[in-house]
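What follows is a set of notes on a single structure, which appears directly below.
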Amino acid sequence: MASRKMGGRWAAWFALGWACLFAADADRVRIAGAPRAGGKTLLECLWARRSARQFATDPLSREHLARILWAADGLNRPEEKKRTAPSAFTCYPVSIFVVEKGAMGRYEPAEGALVPIRRAATEAEDLRPLVTGPSSFAEAPAIIVLAIDPSLFPEKAEKAMRIPWAHAECGAIGQNVSLACAALDLATVFAAAMDPARIRQALGLAEGIEPVYLMPVGKPKA
């Protein structure tokens, strides 16, 4: 019985449930709070988890995006400023970006917000191919980009290990996203960045910050 309760509670962090409150405005999506009960169990999410490379064109709601981003790397211990994904030396060298058809944004876990960094010039302009290239991934309503900044590690962190540690953190974030998608009847896939130079330019990343993984998110195409 205790195991079942723990599984349901742990899975609820990914589902975020109906008590997740957020407000969207022209500048950002704010995410506030995360319930500790409700939603699918961890076992149900693991059974439902799948990779998808073809996506339906159904839009991704702001509520679902908020849930997925919090699950990815949001604050689950706000008083300690610690997150849902582990990080060596608690330095969090991984940044999360979201690219949708008309806008790009950077997720700020400490602020609980998706902050815009770029908007399409016209309604006809689609920003997704700027990071995916000619790929079926561009059909997904949202593309999550993970980028690493090794300079955020403290001096005491062994230099040879900084990149492996950062990639391990990406893996934890990726699994969080996958399970959150499973909880919401969505799908994703964890893919190496196709053209890092193209993605860096599209997102306006500073030198030394490397885009490493893409995760398209949406309903899998039947």
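Labels for the structure tokens follow display order: chains A, B, ..., residues from 1 in each chain, ligands from 1.
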Long-range neighbours of Pro93 (chain A) as a list in words, 9 Å cut-off, only C-alpha atoms, 3 positions minimum in chain |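 The neighbour list is Ser87, Ala88, Thr90, Ala147, Ile148, Asp149, Pro150, Ser151, Leu152, Phe153, Ala166 and Glu169 of chain A.
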Restricting the output to N, CA and C atoms, write the selected residues as a CSV table (one decimal), in the first residue's frame.
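Generated output (part_4.csv):
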```
chain,number,residue,atom,x,y,z
A,87,SER,N,21.4,17.9,-10.6
A,87,SER,CA,22.4,18.6,-11.3
A,87,SER,C,23.7,18.5,-10.4
A,88,ALA,N,24.8,18.1,-11.1
A,88,ALA,CA,26.1,18.0,-10.4
A,88,ALA,C,26.5,19.4,-9.8
A,90,THR,N,24.9,21.2,-8.1
A,90,THR,CA,23.7,22.1,-8.1
A,90,THR,C,23.9,23.4,-8.9
A,147,ALA,N,20.2,23.1,-24.1
A,147,ALA,CA,21.5,23.6,-24.4
A,147,ALA,C,22.4,23.6,-23.1
A,148,ILE,N,23.7,23.4,-23.2
A,148,ILE,CA,24.5,23.3,-22.0
A,148,ILE,C,25.5,24.4,-22.0
A,149,ASP,N,25.8,24.9,-20.9
A,149,ASP,CA,26.8,26.0,-20.7
A,149,ASP,C,27.8,25.5,-19.6
A,150,PRO,N,29.0,24.9,-20.1
A,150,PRO,CA,29.9,24.4,-19.1
A,150,PRO,C,30.5,25.4,-18.2
A,151,SER,N,30.5,26.7,-18.6
A,151,SER,CA,31.1,27.7,-17.7
A,151,SER,C,30.3,27.9,-16.4
A,152,LEU,N,29.1,27.3,-16.3
A,152,LEU,CA,28.4,27.5,-15.0
A,152,LEU,C,28.8,26.5,-13.9
A,153,PHE,N,29.7,25.6,-14.3
A,153,PHE,CA,30.3,24.7,-13.2
A,153,PHE,C,31.2,25.5,-12.4
A,166,ALA,N,26.9,17.3,-17.6
A,166,ALA,CA,25.8,18.1,-18.3
A,166,ALA,C,24.9,17.2,-19.1
A,169,GLU,N,22.6,15.3,-17.0
A,169,GLU,CA,21.5,16.2,-16.5
A,169,GLU,C,20.5,16.3,-17.6
```
Please identify which residues in chain A DSSP calls helix (DSSP H, G or I) from the backbone, and express them as a PyMOL selection string.
-> chain A and resi 2-15+42-48+62-73+78-80+88-90+129-132+136-139+150-152+159-183+196-203
Using only C-alpha atoms, please write the residues we just selected to a file, as a PDB file, in the first residue's frame.
```
ATOM      1  CA  ALA A   2       2.826   2.420   0.890  1.00  0.00           C
ATOM      2  CA  SER A   3       4.512   1.705  -2.430  1.00  0.00           C
ATOM      3  CA  ARG A   4       1.320   2.460  -4.348  1.00  0.00           C
ATOM      4  CA  LYS A   5       0.898   5.763  -2.498  1.00  0.00           C
ATOM      5  CA  MET A   6       4.479   6.777  -3.243  1.00  0.00           C
ATOM      6  CA  GLY A   7       4.083   5.859  -6.914  1.00  0.00           C
ATOM      7  CA  GLY A   8       0.918   7.894  -7.267  1.00  0.00           C
ATOM      8  CA  ARG A   9       2.444  10.877  -5.463  1.00  0.00           C
ATOM      9  CA  TRP A  10       5.623  10.760  -7.555  1.00  0.00           C
ATOM     10  CA  ALA A  11       3.703  10.493 -10.808  1.00  0.00           C
ATOM     11  CA  ALA A  12       1.489  13.404  -9.810  1.00  0.00           C
ATOM     12  CA  TRP A  13       4.467  15.749 -10.018  1.00  0.00           C
ATOM     13  CA  PHE A  14       4.556  15.024 -13.743  1.00  0.00           C
ATOM     14  CA  ALA A  15       0.815  15.262 -14.295  1.00  0.00           C
ATOM     15  CA  LEU A  42       4.262   6.302 -12.144  1.00  0.00           C
ATOM     16  CA  LEU A  43       3.687   2.770 -13.458  1.00  0.00           C
ATOM     17  CA  GLU A  44       0.926   3.993 -15.758  1.00  0.00           C
ATOM     18  CA  CYS A  45       3.238   6.702 -17.116  1.00  0.00           C
ATOM     19  CA  LEU A  46       6.035   4.193 -17.698  1.00  0.00           C
ATOM     20  CA  TRP A  47       3.701   1.837 -19.553  1.00  0.00           C
ATOM     21  CA  ALA A  48       2.423   4.746 -21.668  1.00  0.00           C
ATOM     22  CA  ARG A  62      -0.677  26.551 -22.404  1.00  0.00           C
ATOM     23  CA  GLU A  63      -1.692  24.344 -19.484  1.00  0.00           C
ATOM     24  CA  HIS A  64      -0.008  21.265 -20.943  1.00  0.00           C
ATOM     25  CA  LEU A  65       3.117  23.233 -21.827  1.00  0.00           C
ATOM     26  CA  ALA A  66       3.264  24.575 -18.270  1.00  0.00           C
ATOM     27  CA  ARG A  67       2.987  21.063 -16.843  1.00  0.00           C
ATOM     28  CA  ILE A  68       5.694  19.685 -19.120  1.00  0.00           C
ATOM     29  CA  LEU A  69       8.140  22.490 -18.373  1.00  0.00           C
ATOM     30  CA  TRP A  70       7.675  22.177 -14.630  1.00  0.00           C
ATOM     31  CA  ALA A  71       8.182  18.417 -14.865  1.00  0.00           C
ATOM     32  CA  ALA A  72      11.294  18.971 -16.996  1.00  0.00           C
ATOM     33  CA  ASP A  73      13.260  21.059 -14.509  1.00  0.00           C
ATOM     34  CA  PRO A  78      11.298  26.055  -3.674  1.00  0.00           C
ATOM     35  CA  GLU A  79      12.712  26.815  -0.243  1.00  0.00           C
ATOM     36  CA  GLU A  80      16.015  25.215  -1.325  1.00  0.00           C
ATOM     37  CA  ALA A  88      26.101  18.042 -10.360  1.00  0.00           C
ATOM     38  CA  PHE A  89      27.221  20.698  -7.848  1.00  0.00           C
ATOM     39  CA  THR A  90      23.669  22.100  -8.087  1.00  0.00           C
ATOM     40  CA  PRO A 129      12.178  24.760 -39.066  1.00  0.00           C
ATOM     41  CA  LEU A 130      14.910  27.154 -37.870  1.00  0.00           C
ATOM     42  CA  VAL A 131      15.850  24.596 -35.226  1.00  0.00           C
ATOM     43  CA  THR A 132      14.674  21.346 -36.801  1.00  0.00           C
ATOM     44  CA  SER A 136       8.949  15.811 -39.371  1.00  0.00           C
ATOM     45  CA  PHE A 137       9.807  17.257 -35.967  1.00  0.00           C
ATOM     46  CA  ALA A 138       8.744  20.662 -37.299  1.00  0.00           C
ATOM     47  CA  GLU A 139       5.149  19.410 -37.369  1.00  0.00           C
ATOM     48  CA  PRO A 150      29.937  24.366 -19.100  1.00  0.00           C
ATOM     49  CA  SER A 151      31.068  27.725 -17.711  1.00  0.00           C
ATOM     50  CA  LEU A 152      28.372  27.457 -15.033  1.00  0.00           C
ATOM     51  CA  LYS A 159      36.969  20.082 -16.297  1.00  0.00           C
ATOM     52  CA  ALA A 160      37.097  16.712 -18.029  1.00  0.00           C
ATOM     53  CA  MET A 161      33.836  15.716 -16.343  1.00  0.00           C
ATOM     54  CA  ARG A 162      31.791  18.851 -16.934  1.00  0.00           C
ATOM     55  CA  ILE A 163      30.412  17.824 -20.336  1.00  0.00           C
ATOM     56  CA  PRO A 164      29.515  14.253 -19.229  1.00  0.00           C
ATOM     57  CA  TRP A 165      27.789  15.652 -16.132  1.00  0.00           C
ATOM     58  CA  ALA A 166      25.841  18.128 -18.260  1.00  0.00           C
ATOM     59  CA  HIS A 167      24.734  15.384 -20.661  1.00  0.00           C
ATOM     60  CA  ALA A 168      23.626  13.245 -17.712  1.00  0.00           C
ATOM     61  CA  GLU A 169      21.503  16.166 -16.527  1.00  0.00           C
ATOM     62  CA  CYS A 170      19.982  16.436 -20.001  1.00  0.00           C
ATOM     63  CA  GLY A 171      19.072  12.759 -19.791  1.00  0.00           C
ATOM     64  CA  ALA A 172      17.241  13.277 -16.498  1.00  0.00           C
ATOM     65  CA  ILE A 173      15.366  16.264 -17.929  1.00  0.00           C
ATOM     66  CA  GLY A 174      14.520  14.276 -21.043  1.00  0.00           C
ATOM     67  CA  GLN A 175      13.019  11.429 -19.028  1.00  0.00           C
ATOM     68  CA  ASN A 176      11.000  13.915 -16.984  1.00  0.00           C
ATOM     69  CA  VAL A 177       9.595  15.376 -20.211  1.00  0.00           C
ATOM     70  CA  SER A 178       8.827  11.908 -21.582  1.00  0.00           C
ATOM     71  CA  LEU A 179       6.911  10.872 -18.474  1.00  0.00           C
ATOM     72  CA  ALA A 180       5.061  14.191 -18.311  1.00  0.00           C
ATOM     73  CA  CYS A 181       3.996  13.670 -21.938  1.00  0.00           C
ATOM     74  CA  ALA A 182       2.842  10.140 -21.130  1.00  0.00           C
ATOM     75  CA  ALA A 183       0.757  11.498 -18.257  1.00  0.00           C
ATOM     76  CA  PRO A 196      23.922  22.990 -33.566  1.00  0.00           C
ATOM     77  CA  ALA A 197      25.201  26.017 -35.487  1.00  0.00           C
ATOM     78  CA  ARG A 198      21.750  26.647 -37.003  1.00  0.00           C
ATOM     79  CA  ILE A 199      20.051  26.239 -33.622  1.00  0.00           C
ATOM     80  CA  ARG A 200      22.574  28.481 -31.846  1.00  0.00           C
ATOM     81  CA  GLN A 201      21.951  31.240 -34.373  1.00  0.00           C
ATOM     82  CA  ALA A 202      18.162  30.866 -34.240  1.00  0.00           C
ATOM     83  CA  LEU A 203      18.098  31.073 -30.441  1.00  0.00           C
TER      84      LEU A 203
END
```
Neighbours of Leu214 (chain A) within 10 Å (only C-alpha atoms; same-chain residues fewer than 5 positions away dropped), as a ChimeraX atom specification?
-> /A:96-98,131-132,137,143-147,174,188-194,199
Could the residues in this selection be written to a file with C-alpha atoms, as an mmCIF file, in the first residue's frame?
```
data_model
loop_
_atom_site.group_PDB
_atom_site.id
_atom_site.type_symbol
_atom_site.label_atom_id
_atom_site.label_comp_id
_atom_site.auth_asym_id
_atom_site.auth_seq_id
_atom_site.Cartn_x
_atom_site.Cartn_y
_atom_site.Cartn_z
ATOM 1 C CA ILE A 96 15.570 24.818 -21.730
ATOM 2 C CA PHE A 97 14.163 26.618 -24.760
ATOM 3 C CA VAL A 98 10.761 26.196 -26.388
ATOM 4 C CA VAL A 131 15.850 24.596 -35.226
ATOM 5 C CA THR A 132 14.674 21.346 -36.801
ATOM 6 C CA PHE A 137 9.807 17.257 -35.967
ATOM 7 C CA ILE A 143 10.047 21.865 -29.872
ATOM 8 C CA ILE A 144 12.041 21.742 -26.633
ATOM 9 C CA VAL A 145 15.742 22.500 -27.041
ATOM 10 C CA LEU A 146 18.287 21.617 -24.358
ATOM 11 C CA ALA A 147 21.525 23.619 -24.362
ATOM 12 C CA GLY A 174 14.520 14.276 -21.043
ATOM 13 C CA THR A 188 8.068 13.105 -27.622
ATOM 14 C CA VAL A 189 11.463 11.752 -28.611
ATOM 15 C CA PHE A 190 14.936 12.499 -27.259
ATOM 16 C CA ALA A 191 17.089 13.403 -30.268
ATOM 17 C CA ALA A 192 20.570 14.823 -30.703
ATOM 18 C CA ALA A 193 20.562 18.380 -32.055
ATOM 19 C CA MET A 194 20.577 18.147 -35.846
ATOM 20 C CA ILE A 199 20.051 26.239 -33.622
#
```
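Nearest to Asp58 (chain A) of all the residues A:Pro141, A:Pro216, A:Gly102, A:Gly204 is A:Pro141, counting only C-alpha atoms.
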Closest to Pro59 (chain A) among A:Glu207, A:Glu111, A:Asp185, A:Glu100, using only C-alpha atoms?
-> A:Glu100
DSSP strand (DSSP E) selection over region 143-199 of chain A, as a VMD selection string = chain A and resid 143 to 148 187 to 188 191 to 192
Suppose you want the space between CA of Phe55 (chain A) and CA of Ile117 (chain A); what is it in Å?
->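 Computing it gives 24.9 Å between the two atoms.
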Residues near Ala103 (chain A), cut-off 9 Å, only C-alpha atoms, skip fewer than 5 positions along chain, as a short mmCIF file (atom, residue, chain, number, x, y, z; two decimals) with N, CA and C atoms, in the first residue's frame:
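Ended up saving to out_29.cif:
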```cif
data_model
loop_
_atom_site.label_atom_id
_atom_site.label_comp_id
_atom_site.auth_asym_id
_atom_site.auth_seq_id
_atom_site.Cartn_x
_atom_site.Cartn_y
_atom_site.Cartn_z
N VAL A 98 11.95 26.71 -25.72
CA VAL A 98 10.76 26.20 -26.39
C VAL A 98 10.56 26.97 -27.68
N PRO A 116 9.83 35.04 -23.48
CA PRO A 116 10.05 35.09 -24.94
C PRO A 116 11.40 35.67 -25.30
N ILE A 117 12.03 35.08 -26.32
CA ILE A 117 13.28 35.62 -26.83
C ILE A 117 13.17 36.04 -28.30
N ARG A 118 12.10 35.58 -28.96
CA ARG A 118 11.93 35.93 -30.36
C ARG A 118 10.49 35.65 -30.78
N ARG A 119 9.96 36.51 -31.65
CA ARG A 119 8.63 36.29 -32.21
C ARG A 119 8.72 36.29 -33.73
N ALA A 120 7.81 35.57 -34.36
CA ALA A 120 7.75 35.56 -35.82
C ALA A 120 7.39 36.95 -36.32
N ASP A 126 7.06 30.56 -39.86
CA ASP A 126 7.13 29.43 -38.94
C ASP A 126 8.56 29.31 -38.43
N LEU A 127 8.75 29.46 -37.11
CA LEU A 127 10.09 29.44 -36.54
C LEU A 127 10.60 28.03 -36.27
N ARG A 128 9.74 27.04 -36.28
CA ARG A 128 10.16 25.68 -35.93
C ARG A 128 11.24 25.11 -36.86
#
```
Distance CA of Val217 (chain A)-CA of Gly112 (chain A), one decimal place?
-> 19.7 Å
Top pick for closest residue to Arg106 (chain A), considering A:Arg36, A:Ala140, A:Gln54, A:Arg30 and counting only C-alpha atoms = A:Arg30
